[in-house]
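Engineer: Pasting a structure here, questions to come.
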Amino acid sequence: MRMILTGLPGAGKGTQAHLLAQFLELPHISTGDLFRQHIADRTELGQTAKTYIDSGELVPSAITVAMVRDRLGANDVASGFILDGFPRTVDQAMALDELLSDTLGPLDAVLDFTVSEQTVLDRMLARGRADDTDDVIRTRLRIYNEENEPLLHHYSSILFSIDAEGEVEDVHTRVVHALGERLSPSRPGTN
Ligand code: AMP
């Protein structure tokens with residue numbers, strides 16, 4: 001099962017991706033985490049990415065797509081993966097589609113976590129990550145609001161909208177329900 005998770009920054013994608021990855025025994029690939037690891041390791045890519053991340057802007061797609069291509073080249077993605085925070089734009093989505101059609105096969109599902117801006121503000125301020133300051137959050141929300149609708153349109157045929165308000169476990173249950181049919185091994189014509 002190959003899927004991507006989208007939603008406002010702070011919608012709980014990372015938490016849900018982690019739970020779903022455990023449930024499905026698939027790797028959880030978060031571009032935000034990969035960038036933060038590069039920053040911690042003080043790589044050149046990390047230094048470049050940091051300037052964008054600190055301001056809330058997107059890291060240029062050429063850099064991001066190359067990093068994802070590299071990660072999807074590893075052996076552990078053969079039976080599927082959960083991409084969290086990538087793609088964020090239609091041009092990244094097209095690059096991913098092309099990459100997958102050359103290698104692993106098409107995506108099965110896109111989960112869009114819907115939540116109010118007030119909820120994400122509360123969650124981000126509670127989380128307190130370095131890029132969770134007022135003005136950086138505003139920039140990230142603005143970019144999300146510009147980019148996400150065309151992205152969802154691009155994936156409309158495999159889109160699942162998940163209500164991400166409320167408790168972590170409840171949201172996870174909604175995800176499993178939404179995917180229920182796709183997860184069923186007995187459904188003919190799948191796999
Ligand atoms: P996240 O952990 O998903 O909230 O991402 C943190 C930051 O990493 C974002 O604000 C961007 O600066 C950068 N980033 C993560 N994923 C992407 C992506 N797909 N394209 C560009 N920048 C990204």
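Chain labels run A, B, ... following the order of the structure tokens; each chain numbers its residues from 1, and ligands are numbered from 1 in the order shown.
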How would you report the residues lying within 6 Å of ligand 1, as JSON, numbers by chain, if you count only C-alpha atoms and all ligand atoms?
Structural biologist: {"A": [9, 31, 32, 33, 52, 53, 56, 57, 58, 59, 60, 61, 64, 85, 86, 87, 88, 140]}
Engineer: Mind checking DSSP for stretch 17-93 of chain A and telling me the alpha helix (DSSP H) residues as an MDAnalysis selection string?
Structural biologist: chainID A and resid 17:24 31:40 44:55 61:71 90:93
Engineer: Considering only C-alpha atoms, return as a count of residues only whatever protein or nucleic-acid residues lie within 9 Å of stretch 156-165 of chain A, sequence-local ones (same chain, fewer than 3 positions apart) excluded.
Structural biologist: 26
Engineer: What lies within 10 Å of A:Gly46 using only C-alpha atoms, ignoring chain neighbours under 4 positions off, as a PDB file with all heavy atoms, in the first residue's frame?
Structural biologist:
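Full text of around06.pdb as output:
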```pdb
ATOM      1  N   LEU A  34      13.093  14.085   7.671  1.00  0.00           N
ATOM      2  CA  LEU A  34      14.349  13.875   6.924  1.00  0.00           C
ATOM      3  C   LEU A  34      15.171  15.168   6.912  1.00  0.00           C
ATOM      4  O   LEU A  34      16.387  15.138   7.139  1.00  0.00           O
ATOM      5  CB  LEU A  34      14.051  13.425   5.486  1.00  0.00           C
ATOM      6  CG  LEU A  34      13.483  12.009   5.317  1.00  0.00           C
ATOM      7  CD1 LEU A  34      13.100  11.753   3.852  1.00  0.00           C
ATOM      8  CD2 LEU A  34      14.473  10.944   5.778  1.00  0.00           C
ATOM      9  N   PHE A  35      14.495  16.309   6.690  1.00  0.00           N
ATOM     10  CA  PHE A  35      15.227  17.590   6.722  1.00  0.00           C
ATOM     11  C   PHE A  35      15.808  17.853   8.110  1.00  0.00           C
ATOM     12  O   PHE A  35      16.965  18.278   8.240  1.00  0.00           O
ATOM     13  CB  PHE A  35      14.307  18.755   6.332  1.00  0.00           C
ATOM     14  CG  PHE A  35      14.018  18.856   4.858  1.00  0.00           C
ATOM     15  CD1 PHE A  35      12.712  19.034   4.408  1.00  0.00           C
ATOM     16  CD2 PHE A  35      15.033  18.800   3.917  1.00  0.00           C
ATOM     17  CE1 PHE A  35      12.430  19.150   3.048  1.00  0.00           C
ATOM     18  CE2 PHE A  35      14.768  18.905   2.554  1.00  0.00           C
ATOM     19  CZ  PHE A  35      13.459  19.084   2.124  1.00  0.00           C
ATOM     20  N   ARG A  36      14.994  17.596   9.147  1.00  0.00           N
ATOM     21  CA  ARG A  36      15.490  17.857  10.512  1.00  0.00           C
ATOM     22  C   ARG A  36      16.681  16.952  10.843  1.00  0.00           C
ATOM     23  O   ARG A  36      17.609  17.369  11.540  1.00  0.00           O
ATOM     24  CB  ARG A  36      14.351  17.705  11.540  1.00  0.00           C
ATOM     25  CG  ARG A  36      13.414  18.930  11.540  1.00  0.00           C
ATOM     26  CD  ARG A  36      12.327  18.835  12.610  1.00  0.00           C
ATOM     27  NE  ARG A  36      11.298  17.876  12.268  1.00  0.00           N
ATOM     28  CZ  ARG A  36      10.227  18.144  11.500  1.00  0.00           C
ATOM     29  NH1 ARG A  36      10.059  19.345  11.002  1.00  0.00           N
ATOM     30  NH2 ARG A  36       9.341  17.216  11.232  1.00  0.00           N
ATOM     31  N   GLN A  37      16.669  15.718  10.312  1.00  0.00           N
ATOM     32  CA  GLN A  37      17.810  14.824  10.523  1.00  0.00           C
ATOM     33  C   GLN A  37      19.058  15.375   9.822  1.00  0.00           C
ATOM     34  O   GLN A  37      20.159  15.366  10.385  1.00  0.00           O
ATOM     35  CB  GLN A  37      17.476  13.415  10.012  1.00  0.00           C
ATOM     36  CG  GLN A  37      18.496  12.362  10.387  1.00  0.00           C
ATOM     37  CD  GLN A  37      18.657  12.223  11.902  1.00  0.00           C
ATOM     38  OE1 GLN A  37      17.670  12.077  12.624  1.00  0.00           O
ATOM     39  NE2 GLN A  37      19.896  12.313  12.388  1.00  0.00           N
ATOM     40  N   HIS A  38      18.870  15.866   8.599  1.00  0.00           N
ATOM     41  CA  HIS A  38      20.003  16.476   7.883  1.00  0.00           C
ATOM     42  C   HIS A  38      20.554  17.676   8.655  1.00  0.00           C
ATOM     43  O   HIS A  38      21.765  17.881   8.712  1.00  0.00           O
ATOM     44  CB  HIS A  38      19.575  16.920   6.479  1.00  0.00           C
ATOM     45  CG  HIS A  38      19.698  15.832   5.448  1.00  0.00           C
ATOM     46  ND1 HIS A  38      20.900  15.484   4.880  1.00  0.00           N
ATOM     47  CD2 HIS A  38      18.769  15.023   4.886  1.00  0.00           C
ATOM     48  CE1 HIS A  38      20.714  14.496   4.006  1.00  0.00           C
ATOM     49  NE2 HIS A  38      19.417  14.194   4.001  1.00  0.00           N
ATOM     50  N   ILE A  39      19.641  18.473   9.232  1.00  0.00           N
ATOM     51  CA  ILE A  39      20.085  19.646   9.989  1.00  0.00           C
ATOM     52  C   ILE A  39      20.885  19.176  11.209  1.00  0.00           C
ATOM     53  O   ILE A  39      21.973  19.698  11.486  1.00  0.00           O
ATOM     54  CB  ILE A  39      18.870  20.511  10.399  1.00  0.00           C
ATOM     55  CG1 ILE A  39      18.238  21.142   9.152  1.00  0.00           C
ATOM     56  CG2 ILE A  39      19.296  21.594  11.401  1.00  0.00           C
ATOM     57  CD1 ILE A  39      16.893  21.809   9.391  1.00  0.00           C
ATOM     58  N   ALA A  40      20.363  18.154  11.907  1.00  0.00           N
ATOM     59  CA  ALA A  40      21.065  17.636  13.095  1.00  0.00           C
ATOM     60  C   ALA A  40      22.430  17.075  12.717  1.00  0.00           C
ATOM     61  O   ALA A  40      23.403  17.223  13.464  1.00  0.00           O
ATOM     62  CB  ALA A  40      20.213  16.564  13.767  1.00  0.00           C
ATOM     63  N   ASP A  41      22.501  16.433  11.534  1.00  0.00           N
ATOM     64  CA  ASP A  41      23.767  15.843  11.076  1.00  0.00           C
ATOM     65  C   ASP A  41      24.685  16.875  10.419  1.00  0.00           C
ATOM     66  O   ASP A  41      25.772  16.527   9.950  1.00  0.00           O
ATOM     67  CB  ASP A  41      23.496  14.710  10.054  1.00  0.00           C
ATOM     68  CG  ASP A  41      22.785  13.529  10.688  1.00  0.00           C
ATOM     69  OD1 ASP A  41      22.794  13.433  11.933  1.00  0.00           O
ATOM     70  OD2 ASP A  41      22.199  12.714   9.940  1.00  0.00           O
ATOM     71  N   ARG A  42      24.214  18.110  10.324  1.00  0.00           N
ATOM     72  CA  ARG A  42      24.983  19.218   9.738  1.00  0.00           C
ATOM     73  C   ARG A  42      25.454  18.919   8.316  1.00  0.00           C
ATOM     74  O   ARG A  42      26.601  19.205   7.944  1.00  0.00           O
ATOM     75  CB  ARG A  42      26.192  19.562  10.616  1.00  0.00           C
ATOM     76  CG  ARG A  42      25.782  19.995  11.997  1.00  0.00           C
ATOM     77  CD  ARG A  42      26.963  20.323  12.872  1.00  0.00           C
ATOM     78  NE  ARG A  42      26.511  20.906  14.127  1.00  0.00           N
ATOM     79  CZ  ARG A  42      26.203  22.183  14.290  1.00  0.00           C
ATOM     80  NH1 ARG A  42      26.303  23.022  13.286  1.00  0.00           N
ATOM     81  NH2 ARG A  42      25.783  22.633  15.454  1.00  0.00           N
ATOM     82  N   LYS A  50      17.577  24.440   6.108  1.00  0.00           N
ATOM     83  CA  LYS A  50      17.298  25.162   7.353  1.00  0.00           C
ATOM     84  C   LYS A  50      16.843  26.595   7.090  1.00  0.00           C
ATOM     85  O   LYS A  50      15.943  27.105   7.767  1.00  0.00           O
ATOM     86  CB  LYS A  50      18.551  25.150   8.240  1.00  0.00           C
ATOM     87  CG  LYS A  50      18.312  25.693   9.639  1.00  0.00           C
ATOM     88  CD  LYS A  50      19.547  25.529  10.501  1.00  0.00           C
ATOM     89  CE  LYS A  50      19.304  25.896  11.963  1.00  0.00           C
ATOM     90  NZ  LYS A  50      18.545  27.111  12.196  1.00  0.00           N
ATOM     91  N   THR A  51      17.437  27.234   6.119  1.00  0.00           N
ATOM     92  CA  THR A  51      17.071  28.635   5.872  1.00  0.00           C
ATOM     93  C   THR A  51      15.597  28.741   5.470  1.00  0.00           C
ATOM     94  O   THR A  51      14.911  29.684   5.838  1.00  0.00           O
ATOM     95  CB  THR A  51      17.958  29.273   4.773  1.00  0.00           C
ATOM     96  OG1 THR A  51      17.794  28.511   3.573  1.00  0.00           O
ATOM     97  CG2 THR A  51      19.414  29.278   5.169  1.00  0.00           C
ATOM     98  N   ILE A  53      13.195  26.317   6.174  1.00  0.00           N
ATOM     99  CA  ILE A  53      12.366  25.804   7.271  1.00  0.00           C
ATOM    100  C   ILE A  53      12.213  26.860   8.368  1.00  0.00           C
ATOM    101  O   ILE A  53      11.124  27.073   8.889  1.00  0.00           O
ATOM    102  CB  ILE A  53      12.989  24.504   7.835  1.00  0.00           C
ATOM    103  CG1 ILE A  53      12.892  23.406   6.775  1.00  0.00           C
ATOM    104  CG2 ILE A  53      12.310  24.075   9.129  1.00  0.00           C
ATOM    105  CD1 ILE A  53      13.588  22.114   7.129  1.00  0.00           C
TER     106      ILE A  53
END
```
Engineer: Which residues, written as an mmCIF file with all heavy atoms, in the first residue's frame, have at least one atom at most 12 Å from A:Asp97, with only C-alpha atoms counted and residues fewer than 2 positions away on the same chain left out?
Structural biologist:
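Final output, saved to result-v5.cif:
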```cif
data_model
loop_
_atom_site.group_PDB
_atom_site.id
_atom_site.type_symbol
_atom_site.label_atom_id
_atom_site.label_comp_id
_atom_site.auth_asym_id
_atom_site.auth_seq_id
_atom_site.Cartn_x
_atom_site.Cartn_y
_atom_site.Cartn_z
ATOM 1 N N ARG A 2 0.685 2.078 -1.005
ATOM 2 C CA ARG A 2 1.470 3.316 -1.110
ATOM 3 C C ARG A 2 0.531 4.491 -0.886
ATOM 4 O O ARG A 2 -0.460 4.625 -1.615
ATOM 5 C CB ARG A 2 2.123 3.404 -2.495
ATOM 6 C CG ARG A 2 3.194 2.344 -2.728
ATOM 7 C CD ARG A 2 3.683 2.341 -4.164
ATOM 8 N NE ARG A 2 2.681 1.817 -5.060
ATOM 9 C CZ ARG A 2 2.527 0.521 -5.339
ATOM 10 N NH1 ARG A 2 3.334 -0.375 -4.816
ATOM 11 N NH2 ARG A 2 1.559 0.120 -6.148
ATOM 12 N N MET A 3 0.824 5.286 0.110
ATOM 13 C CA MET A 3 -0.096 6.398 0.373
ATOM 14 C C MET A 3 0.618 7.649 0.826
ATOM 15 O O MET A 3 1.771 7.601 1.265
ATOM 16 C CB MET A 3 -1.157 5.989 1.381
ATOM 17 C CG MET A 3 -0.656 5.703 2.750
ATOM 18 S SD MET A 3 -2.070 5.270 3.777
ATOM 19 C CE MET A 3 -1.848 3.532 3.828
ATOM 20 N N ILE A 4 -0.091 8.766 0.669
ATOM 21 C CA ILE A 4 0.443 10.028 1.164
ATOM 22 C C ILE A 4 -0.568 10.676 2.110
ATOM 23 O O ILE A 4 -1.778 10.454 1.994
ATOM 24 C CB ILE A 4 0.848 10.994 0.018
ATOM 25 C CG1 ILE A 4 -0.354 11.517 -0.733
ATOM 26 C CG2 ILE A 4 1.798 10.347 -0.946
ATOM 27 C CD1 ILE A 4 0.049 12.519 -1.805
ATOM 28 N N VAL A 65 12.551 16.750 -3.928
ATOM 29 C CA VAL A 65 12.267 15.569 -4.763
ATOM 30 C C VAL A 65 13.486 14.655 -4.817
ATOM 31 O O VAL A 65 13.355 13.422 -4.729
ATOM 32 C CB VAL A 65 11.826 16.002 -6.188
ATOM 33 C CG1 VAL A 65 11.805 14.814 -7.137
ATOM 34 C CG2 VAL A 65 10.457 16.681 -6.133
ATOM 35 N N ARG A 69 13.447 10.837 -3.759
ATOM 36 C CA ARG A 69 13.846 9.804 -4.731
ATOM 37 C C ARG A 69 14.879 8.872 -4.101
ATOM 38 O O ARG A 69 14.803 7.651 -4.223
ATOM 39 C CB ARG A 69 14.415 10.472 -5.994
ATOM 40 C CG ARG A 69 14.876 9.449 -7.036
ATOM 41 C CD ARG A 69 15.416 10.091 -8.299
ATOM 42 N NE ARG A 69 14.381 10.808 -9.021
ATOM 43 C CZ ARG A 69 14.391 12.099 -9.307
ATOM 44 N NH1 ARG A 69 15.418 12.846 -8.930
ATOM 45 N NH2 ARG A 69 13.404 12.666 -9.961
ATOM 46 N N PHE A 86 4.824 15.134 2.041
ATOM 47 C CA PHE A 86 5.282 15.171 0.645
ATOM 48 C C PHE A 86 4.328 14.317 -0.184
ATOM 49 O O PHE A 86 4.002 13.200 0.249
ATOM 50 C CB PHE A 86 6.696 14.612 0.507
ATOM 51 C CG PHE A 86 7.187 14.615 -0.924
ATOM 52 C CD1 PHE A 86 7.897 15.695 -1.415
ATOM 53 C CD2 PHE A 86 6.895 13.553 -1.777
ATOM 54 C CE1 PHE A 86 8.326 15.715 -2.740
ATOM 55 C CE2 PHE A 86 7.316 13.575 -3.102
ATOM 56 C CZ PHE A 86 8.035 14.646 -3.578
ATOM 57 N N PRO A 87 3.893 14.746 -1.338
ATOM 58 C CA PRO A 87 4.147 16.053 -1.943
ATOM 59 C C PRO A 87 3.287 17.145 -1.312
ATOM 60 O O PRO A 87 2.243 16.878 -0.746
ATOM 61 C CB PRO A 87 3.741 15.834 -3.405
ATOM 62 C CG PRO A 87 2.732 14.729 -3.365
ATOM 63 C CD PRO A 87 3.100 13.858 -2.218
ATOM 64 N N VAL A 90 1.619 20.649 -6.569
ATOM 65 C CA VAL A 90 1.304 19.828 -7.741
ATOM 66 C C VAL A 90 2.594 19.450 -8.482
ATOM 67 O O VAL A 90 2.710 18.322 -8.967
ATOM 68 C CB VAL A 90 0.305 20.562 -8.667
ATOM 69 C CG1 VAL A 90 0.161 19.831 -9.991
ATOM 70 C CG2 VAL A 90 -1.056 20.686 -7.980
ATOM 71 N N ASP A 91 3.560 20.334 -8.518
ATOM 72 C CA ASP A 91 4.784 19.955 -9.258
ATOM 73 C C ASP A 91 5.527 18.825 -8.532
ATOM 74 O O ASP A 91 6.065 17.918 -9.170
ATOM 75 C CB ASP A 91 5.689 21.155 -9.606
ATOM 76 C CG ASP A 91 6.392 21.740 -8.424
ATOM 77 O OD1 ASP A 91 5.685 22.110 -7.470
ATOM 78 O OD2 ASP A 91 7.635 21.847 -8.439
ATOM 79 N N GLN A 92 5.487 18.834 -7.198
ATOM 80 C CA GLN A 92 6.072 17.696 -6.471
ATOM 81 C C GLN A 92 5.257 16.425 -6.737
ATOM 82 O O GLN A 92 5.818 15.330 -6.879
ATOM 83 C CB GLN A 92 6.101 17.970 -4.968
ATOM 84 C CG GLN A 92 7.093 19.043 -4.553
ATOM 85 C CD GLN A 92 7.136 19.251 -3.043
ATOM 86 O OE1 GLN A 92 6.431 18.594 -2.279
ATOM 87 N NE2 GLN A 92 7.974 20.191 -2.613
ATOM 88 N N ALA A 93 3.934 16.565 -6.799
ATOM 89 C CA ALA A 93 3.071 15.401 -7.049
ATOM 90 C C ALA A 93 3.377 14.800 -8.415
ATOM 91 O O ALA A 93 3.457 13.572 -8.570
ATOM 92 C CB ALA A 93 1.604 15.814 -6.965
ATOM 93 N N MET A 94 3.573 15.660 -9.397
ATOM 94 C CA MET A 94 3.873 15.153 -10.740
ATOM 95 C C MET A 94 5.231 14.466 -10.766
ATOM 96 O O MET A 94 5.401 13.418 -11.417
ATOM 97 C CB MET A 94 3.764 16.284 -11.766
ATOM 98 C CG MET A 94 2.296 16.656 -11.987
ATOM 99 S SD MET A 94 1.992 18.229 -12.801
ATOM 100 C CE MET A 94 2.775 17.990 -14.327
ATOM 101 N N ALA A 95 6.184 15.025 -10.047
ATOM 102 C CA ALA A 95 7.508 14.378 -9.968
ATOM 103 C C ALA A 95 7.390 13.022 -9.281
ATOM 104 O O ALA A 95 8.003 12.032 -9.709
ATOM 105 C CB ALA A 95 8.488 15.282 -9.218
ATOM 106 N N LEU A 99 8.155 9.325 -10.822
ATOM 107 C CA LEU A 99 9.109 8.448 -10.134
ATOM 108 C C LEU A 99 8.472 7.085 -9.845
ATOM 109 O O LEU A 99 9.068 6.030 -10.088
ATOM 110 C CB LEU A 99 9.538 9.130 -8.831
ATOM 111 C CG LEU A 99 10.367 8.354 -7.830
ATOM 112 C CD1 LEU A 99 11.727 8.033 -8.436
ATOM 113 C CD2 LEU A 99 10.558 9.176 -6.553
ATOM 114 N N LEU A 100 7.218 7.105 -9.358
ATOM 115 C CA LEU A 100 6.554 5.848 -8.997
ATOM 116 C C LEU A 100 6.217 5.023 -10.228
ATOM 117 O O LEU A 100 6.297 3.796 -10.204
ATOM 118 C CB LEU A 100 5.285 6.130 -8.184
ATOM 119 C CG LEU A 100 5.518 6.683 -6.783
ATOM 120 C CD1 LEU A 100 4.195 6.950 -6.093
ATOM 121 C CD2 LEU A 100 6.365 5.730 -5.950
ATOM 122 N N SER A 101 5.824 5.691 -11.291
ATOM 123 C CA SER A 101 5.457 4.909 -12.481
ATOM 124 C C SER A 101 6.688 4.229 -13.075
ATOM 125 O O SER A 101 6.582 3.172 -13.692
ATOM 126 C CB SER A 101 4.727 5.775 -13.514
ATOM 127 O OG SER A 101 5.650 6.585 -14.181
ATOM 128 N N ASP A 102 7.865 4.819 -12.840
ATOM 129 C CA ASP A 102 9.105 4.192 -13.327
ATOM 130 C C ASP A 102 9.558 3.042 -12.434
ATOM 131 O O ASP A 102 10.360 2.216 -12.846
ATOM 132 C CB ASP A 102 10.255 5.212 -13.335
ATOM 133 C CG ASP A 102 10.099 6.227 -14.447
ATOM 134 O OD1 ASP A 102 9.276 5.992 -15.344
ATOM 135 O OD2 ASP A 102 10.803 7.262 -14.397
ATOM 136 N N THR A 103 9.082 3.031 -11.178
ATOM 137 C CA THR A 103 9.665 2.092 -10.221
ATOM 138 C C THR A 103 8.626 1.280 -9.462
ATOM 139 O O THR A 103 8.302 0.165 -9.828
ATOM 140 C CB THR A 103 10.568 2.845 -9.219
ATOM 141 O OG1 THR A 103 9.806 3.920 -8.640
ATOM 142 C CG2 THR A 103 11.812 3.403 -9.878
ATOM 143 N N LEU A 104 8.058 1.861 -8.414
ATOM 144 C CA LEU A 104 7.297 1.071 -7.433
ATOM 145 C C LEU A 104 5.844 0.812 -7.806
ATOM 146 O O LEU A 104 5.230 -0.127 -7.312
ATOM 147 C CB LEU A 104 7.353 1.785 -6.074
ATOM 148 C CG LEU A 104 8.774 1.944 -5.508
ATOM 149 C CD1 LEU A 104 8.793 2.990 -4.398
ATOM 150 C CD2 LEU A 104 9.284 0.614 -4.977
ATOM 151 N N GLY A 105 5.253 1.663 -8.623
ATOM 152 C CA GLY A 105 3.829 1.533 -8.947
ATOM 153 C C GLY A 105 3.057 2.695 -8.346
ATOM 154 O O GLY A 105 3.556 3.388 -7.463
ATOM 155 N N PRO A 106 1.801 2.886 -8.807
ATOM 156 C CA PRO A 106 1.061 4.093 -8.451
ATOM 157 C C PRO A 106 0.613 4.134 -6.987
ATOM 158 O O PRO A 106 0.580 3.110 -6.310
ATOM 159 C CB PRO A 106 -0.168 4.029 -9.370
ATOM 160 C CG PRO A 106 -0.332 2.595 -9.687
ATOM 161 C CD PRO A 106 1.039 2.002 -9.702
ATOM 162 N N LEU A 107 0.243 5.323 -6.546
ATOM 163 C CA LEU A 107 -0.286 5.500 -5.191
ATOM 164 C C LEU A 107 -1.644 4.824 -5.072
ATOM 165 O O LEU A 107 -2.413 4.763 -6.042
ATOM 166 C CB LEU A 107 -0.468 6.992 -4.895
ATOM 167 C CG LEU A 107 0.797 7.823 -4.725
ATOM 168 C CD1 LEU A 107 0.433 9.308 -4.669
ATOM 169 C CD2 LEU A 107 1.539 7.417 -3.453
ATOM 170 N N ASP A 108 -1.959 4.346 -3.866
ATOM 171 C CA ASP A 108 -3.266 3.746 -3.602
ATOM 172 C C ASP A 108 -4.224 4.718 -2.926
ATOM 173 O O ASP A 108 -5.435 4.617 -3.099
ATOM 174 C CB ASP A 108 -3.104 2.525 -2.683
ATOM 175 C CG ASP A 108 -2.253 1.459 -3.330
ATOM 176 O OD1 ASP A 108 -2.719 0.879 -4.319
ATOM 177 O OD2 ASP A 108 -1.114 1.231 -2.874
ATOM 178 N N HIS A 154 -5.564 17.213 -7.858
ATOM 179 C CA HIS A 154 -4.696 16.309 -8.621
ATOM 180 C C HIS A 154 -4.955 14.852 -8.226
ATOM 181 O O HIS A 154 -4.890 13.950 -9.057
ATOM 182 C CB HIS A 154 -3.241 16.694 -8.352
ATOM 183 C CG HIS A 154 -2.226 15.835 -9.051
ATOM 184 N ND1 HIS A 154 -1.864 16.048 -10.363
ATOM 185 C CD2 HIS A 154 -1.510 14.759 -8.628
ATOM 186 C CE1 HIS A 154 -0.969 15.129 -10.718
ATOM 187 N NE2 HIS A 154 -0.731 14.345 -9.694
ATOM 188 N N TYR A 155 -5.239 14.635 -6.940
ATOM 189 C CA TYR A 155 -5.410 13.269 -6.431
ATOM 190 C C TYR A 155 -6.874 12.916 -6.168
ATOM 191 O O TYR A 155 -7.149 11.990 -5.401
ATOM 192 C CB TYR A 155 -4.617 13.104 -5.134
ATOM 193 C CG TYR A 155 -3.119 13.008 -5.340
ATOM 194 C CD1 TYR A 155 -2.245 13.848 -4.672
ATOM 195 C CD2 TYR A 155 -2.581 12.052 -6.204
ATOM 196 C CE1 TYR A 155 -0.870 13.747 -4.850
ATOM 197 C CE2 TYR A 155 -1.216 11.941 -6.389
ATOM 198 C CZ TYR A 155 -0.364 12.791 -5.713
ATOM 199 O OH TYR A 155 0.986 12.677 -5.883
#
```
Engineer: Residues of stretch 62-97 of chain A in strand (DSSP E) according to DSSP, as number ranges by chain?
Structural biologist: A: 81-84
Engineer: Now that the selection is made, can you save its residues with all heavy atoms as a compact mmCIF listing (two decimals), in the first residue's frame?
Structural biologist:
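Output saved as again05.txt:
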```
# COMPACT_ATOMS: atom_id res chain seq x y z
N PHE A 81 4.60 2.28 1.50
CA PHE A 81 5.16 3.34 2.34
C PHE A 81 4.07 4.34 2.67
O PHE A 81 3.02 4.39 2.01
CB PHE A 81 6.32 4.05 1.62
CG PHE A 81 5.95 4.58 0.27
CD1 PHE A 81 5.23 5.76 0.12
CD2 PHE A 81 6.28 3.87 -0.89
CE1 PHE A 81 4.88 6.25 -1.13
CE2 PHE A 81 5.92 4.34 -2.15
CZ PHE A 81 5.21 5.53 -2.26
N ILE A 82 4.34 5.12 3.72
CA ILE A 82 3.44 6.21 4.08
C ILE A 82 4.26 7.49 4.01
O ILE A 82 5.19 7.69 4.80
CB ILE A 82 2.88 6.00 5.50
CG1 ILE A 82 2.04 4.72 5.51
CG2 ILE A 82 2.06 7.21 5.94
CD1 ILE A 82 1.65 4.26 6.87
N LEU A 83 3.94 8.33 3.03
CA LEU A 83 4.65 9.59 2.87
C LEU A 83 3.90 10.67 3.63
O LEU A 83 2.70 10.87 3.43
CB LEU A 83 4.72 9.97 1.39
CG LEU A 83 5.96 9.60 0.60
CD1 LEU A 83 5.77 10.00 -0.86
CD2 LEU A 83 7.20 10.28 1.16
N ASP A 84 4.61 11.38 4.47
CA ASP A 84 4.01 12.39 5.35
C ASP A 84 4.65 13.75 5.06
O ASP A 84 5.85 13.91 5.26
CB ASP A 84 4.26 11.89 6.79
CG ASP A 84 4.16 12.96 7.85
OD1 ASP A 84 3.63 14.04 7.58
OD2 ASP A 84 4.61 12.67 8.98
```
Engineer: Please provide the set of residues having any atom within 12 Å of A:Arg138, restricted to only C-alpha atoms, with same-chain residues fewer than 2 positions apart removed, written as a VMD selection string.
Structural biologist: chain A and resid 8 to 9 55 to 57 117 120 to 121 124 131 to 136 140 to 145
Engineer: Quick one: distance from atom CA of A:Ala78 to atom CA of A:Thr6 in Å, one decimal?
Structural biologist: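 Atom-to-atom, atom CA of A:Ala78 to atom CA of A:Thr6, that is 21.9 Å.
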Engineer: Work out how far atom CA of A:Leu72 is from atom CA of A:Leu26, in Å to one decimal.
Structural biologist: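 Separation of atom CA of A:Leu26 and atom CA of A:Leu72: 12.5 Å.
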